[in-house]
Amino acid sequence: MTSHTIDKADRYMFHTYKRIPVTLVKGDGCRVWDENGKEYLDFVGGIAVCSLGHSSPILSKALYEQSQKLVHVSNLFYTEPQTELAQILVENSFADRVFFCNSGAEANEAAIKLARRYSREKFGSGRYIIMTMENSFHGRTMATLSATGQERIRTGFDPLLEGFRFVPFNDLKKLGSSIDESVCALMLEPIQGEGGVVLPDPDYLKGVREICTEHGMLLILDEIQVGMGRTGRLFAYQHFGITPDIITLAKALGNGIPIGAMLAREELNDAFGPGSHATTFGGTPLITAGATAVVKSLLNDDWIENARVIGDYFRDEFRNLQQKHGIIKDIRGLGLIVGVELDTEGAPFVSACMERGFLINCVQERVLRFVPPLIIGKEEIDLLINCLDQIFKEKEI
Ligand SMILES: *Cc1c(COP(=O)(O)O)cnc(C)c1O
């Protein structure tokens, strides 16, 4: 497949991304089109970003109207949209305080800085280690890749930031025995997304919460991928009967416009006083007006309930496929984050789906990951399931 854009991109940009050879030019709801007019059903959704779908009129309207009023002024001043979004996030979560930034990695950076600073003020120096999980993903900046428990992401960038200690996910014993006086916090994804859609065992997160409380450690949940309704609740932690101290958000918070946020309990407020942390673009009026409209729609328009219902349907349909095709090893997920582990490499199936007009994604070599817009319906699920049924059948011949 050749195209002017692809040739040019390969000529002018770093090859940091292993891109699928297609140039997308337009999107509407759960569908996108390439430069040749070919239509695709999108089960990637910008990687769990475009929850209200592409070209959301709700987002367009909010951005257009705000762009005519005030785009940017600096955080030296107060603005209405930023304040409104913070209030909505606080009123719908455990949290009392919000810090806005531009991406997931930055939200995690803020959480790491806050945890260290809070701990230093409360306990003195020497208590700065943050426990994180093997197979985790927290971002690509120096601090967040240092916190990421995947060798392939860390390799070549030494010296990494000091102060992270890894333990296996779903292993309370190992966690308990790895903690000492130098540990100030634990950061983990409630469901590992990039790690292959790995769910916590029943009561694992409750155990994690107990260990954190017992040792005076902060519990930081990275909800960048699974927050904002993806799992069928506004936040993933709400499924597990726990209250974290800090959560980080990004991806679906803006439906595609760049925004991240760190939310925390009141007790942490003083550790992030004037001058402690800042960003030029974090929480500009334009972006927060857009995100406010997005979050209001998520809260009021039944999309989170849809994520729950359609997610269950999606996994049921995969279980039916599993009866027919031995290639499916495991089916995992919660709401509309769905992982299907194959007993072989997933990449050929991503290509085969693309040829037939479906965008899907593969993580950890063998796990097909589906994170479509939350507005998706049963008809679209059926189309994909039928397509995969055909593809699996052909591979078996
Ligand atoms: C995507 C993601 C990040 C990084 O977000 P960026 O906006 O790419 O910096 C961090 N943590 C998790 C769990 C993610 O899925």
# chains A, B, ... in the order shown; residues from 1 in each chain; ligands from 1
$ residues_around --residues "Ala48 (chain A)" --least-positions-apart "2" --cutoff "7 Å" --atoms "only C-alpha atoms" --output "number ranges by chain"
A: 44-46, 50-51, 225, 251-252, 371-372
$ residues_near_ligand --ligand "ligand 1" --cutoff "9 Å" --atoms "only C-alpha atoms and all ligand atoms" --output "number ranges by chain"
A: 47-48, 102-108, 136-141, 144, 148, 188-194, 222-226, 248-251, 258-260
$ select_by_dssp --residues "region 30-243 of chain A" --states "strand (DSSP E)" --output "VMD selection string"
chain A and resid 31 to 34 39 to 42 97 to 101 129 to 133 164 to 167 183 to 188 218 to 222
$ residues_around --residues "region 201-204 of chain A" --least-positions-apart "5" --cutoff "10 Å" --atoms "only C-alpha atoms" --output "ChimeraX atom specification"
/A:169-172,190,209-210,240-242
$ select_by_dssp --residues "region 99-342 of chain A" --states "alpha helix (DSSP H)" --output "short mmCIF file (atom, residue, chain, number, x, y, z; two decimals) with C-alpha atoms, in the first residue's frame"
data_model
loop_
_atom_site.label_atom_id
_atom_site.label_comp_id
_atom_site.auth_asym_id
_atom_site.auth_seq_id
_atom_site.Cartn_x
_atom_site.Cartn_y
_atom_site.Cartn_z
CA GLY A 104 -1.35 11.06 30.88
CA ALA A 105 2.38 11.04 31.47
CA GLU A 106 2.16 14.55 32.90
CA ALA A 107 -0.68 13.55 35.21
CA ASN A 108 1.49 10.72 36.53
CA GLU A 109 4.46 13.09 36.84
CA ALA A 110 2.28 15.33 38.98
CA ALA A 111 1.24 12.37 41.14
CA ILE A 112 4.85 11.26 41.61
CA LYS A 113 5.94 14.79 42.57
CA LEU A 114 2.99 15.23 44.94
CA ALA A 115 3.61 11.89 46.65
CA ARG A 116 7.29 12.68 47.21
CA ARG A 117 6.67 16.19 48.45
CA TYR A 118 3.83 15.19 50.76
CA SER A 119 5.89 12.39 52.20
CA ARG A 120 8.92 14.60 52.77
CA GLU A 121 6.81 17.18 54.58
CA LYS A 122 5.09 14.56 56.71
CA PHE A 123 7.90 12.08 57.41
CA MET A 142 11.76 10.01 32.12
CA ALA A 143 9.92 9.69 35.44
CA THR A 144 6.98 7.74 34.07
CA LEU A 145 9.07 5.34 32.02
CA SER A 146 11.17 4.79 35.13
CA GLU A 151 11.92 -3.58 29.95
CA ARG A 152 11.28 -2.79 26.26
CA ILE A 153 10.04 0.69 27.19
CA ARG A 154 12.94 1.47 29.53
CA LEU A 172 -0.18 -9.26 47.87
CA LYS A 173 2.47 -11.36 49.62
CA LYS A 174 5.32 -10.01 47.49
CA LEU A 175 3.99 -6.51 47.90
CA GLY A 176 3.79 -6.82 51.67
CA SER A 177 7.31 -8.19 51.97
CA TYR A 204 -6.61 -7.76 45.40
CA LEU A 205 -7.20 -4.01 45.36
CA LYS A 206 -8.83 -4.17 48.80
CA GLY A 207 -5.68 -5.88 50.04
CA VAL A 208 -3.54 -3.23 48.35
CA ARG A 209 -5.57 -0.51 50.06
CA GLU A 210 -5.12 -2.18 53.46
CA ILE A 211 -1.36 -2.49 53.01
CA CYS A 212 -1.09 1.17 51.99
CA THR A 213 -3.13 2.32 54.97
CA GLU A 214 -1.19 0.12 57.37
CA PRO A 285 -10.11 27.74 28.95
CA LEU A 286 -10.40 26.22 25.46
CA ILE A 287 -9.46 22.70 26.46
CA THR A 288 -11.37 22.64 29.75
CA ALA A 289 -14.51 24.01 28.09
CA GLY A 290 -14.28 21.09 25.64
CA ALA A 291 -13.60 18.55 28.37
CA THR A 292 -16.44 19.91 30.53
CA ALA A 293 -18.89 19.29 27.69
CA VAL A 294 -17.44 15.80 27.22
CA VAL A 295 -17.68 14.87 30.90
CA LYS A 296 -21.23 16.23 31.19
CA SER A 297 -22.27 14.07 28.27
CA LEU A 298 -20.60 11.01 29.79
CA LEU A 299 -22.43 11.65 33.08
CA ASN A 300 -25.85 12.51 31.64
CA TRP A 303 -22.92 6.17 27.72
CA ILE A 304 -21.38 4.70 30.86
CA GLU A 305 -24.33 2.33 31.25
CA ASN A 306 -23.96 1.51 27.56
CA ALA A 307 -20.30 0.64 28.16
CA ARG A 308 -21.39 -1.85 30.83
CA VAL A 309 -24.18 -3.46 28.79
CA ILE A 310 -22.37 -3.59 25.45
CA GLY A 311 -19.13 -4.69 27.13
CA ASP A 312 -20.90 -7.71 28.64
CA TYR A 313 -22.51 -8.48 25.27
CA PHE A 314 -19.13 -8.16 23.52
CA ARG A 315 -17.47 -10.69 25.87
CA ASP A 316 -20.46 -13.08 25.57
CA GLU A 317 -20.10 -12.99 21.80
CA PHE A 318 -16.39 -13.71 22.10
CA ARG A 319 -17.19 -16.68 24.34
CA ASN A 320 -19.41 -18.02 21.55
CA LEU A 321 -16.51 -17.57 19.12
CA GLN A 322 -14.23 -19.37 21.56
CA GLN A 323 -16.50 -22.46 21.35
CA LYS A 324 -15.82 -22.55 17.61
#
$ residues_around --residues "region 5-11 of chain A" --least-positions-apart "4" --cutoff "10 Å" --atoms "only C-alpha atoms" --output "list in words"
Met1, His15, Arg19, Ile20, Pro21, Val22, Thr23 and Glu35 of chain A
$ residues_around --residues "Leu76 (chain A)" --least-positions-apart "2" --cutoff "12 Å" --atoms "only C-alpha atoms" --output "count of residues only"
14
$ residues_around --residues "Gly149 (chain A)" --least-positions-apart "3" --cutoff "6 Å" --atoms "only C-alpha atoms" --output "list in words"
Met133, Glu134, Asn135 and Ser136 of chain A
$ write_last_selection --atoms "all heavy atoms" --output "compact mmCIF listing (two decimals), in the first residue's frame"
# COMPACT_ATOMS: atom_id res chain seq x y z
N MET A 133 4.10 -1.76 39.49
CA MET A 133 3.87 -3.16 39.13
C MET A 133 4.71 -3.59 37.92
O MET A 133 4.91 -2.81 36.99
CB MET A 133 2.40 -3.38 38.77
CG MET A 133 1.45 -3.10 39.90
SD MET A 133 1.66 -4.32 41.22
CE MET A 133 1.35 -3.28 42.65
N GLU A 134 5.12 -4.83 37.93
CA GLU A 134 5.68 -5.43 36.72
C GLU A 134 4.60 -5.43 35.64
O GLU A 134 3.42 -5.60 35.95
CB GLU A 134 6.14 -6.87 37.01
CG GLU A 134 7.36 -6.90 37.91
CD GLU A 134 7.70 -8.29 38.43
OE1 GLU A 134 7.10 -9.27 37.96
OE2 GLU A 134 8.55 -8.38 39.33
N ASN A 135 5.03 -5.21 34.41
CA ASN A 135 4.09 -5.22 33.28
C ASN A 135 3.18 -3.98 33.23
O ASN A 135 2.21 -3.96 32.47
CB ASN A 135 3.22 -6.47 33.33
CG ASN A 135 2.98 -7.02 31.95
OD1 ASN A 135 3.80 -6.86 31.05
ND2 ASN A 135 1.83 -7.66 31.77
N SER A 136 3.50 -2.97 34.04
CA SER A 136 2.66 -1.78 34.06
C SER A 136 3.01 -0.84 32.91
O SER A 136 4.02 -1.03 32.22
CB SER A 136 2.86 -1.04 35.39
OG SER A 136 4.23 -0.69 35.56
$ residues_around --residues "Ile220 (chain A)" --least-positions-apart "2" --cutoff "7 Å" --atoms "only C-alpha atoms" --output "ChimeraX atom specification"
/A:186-188,218,222,244-247
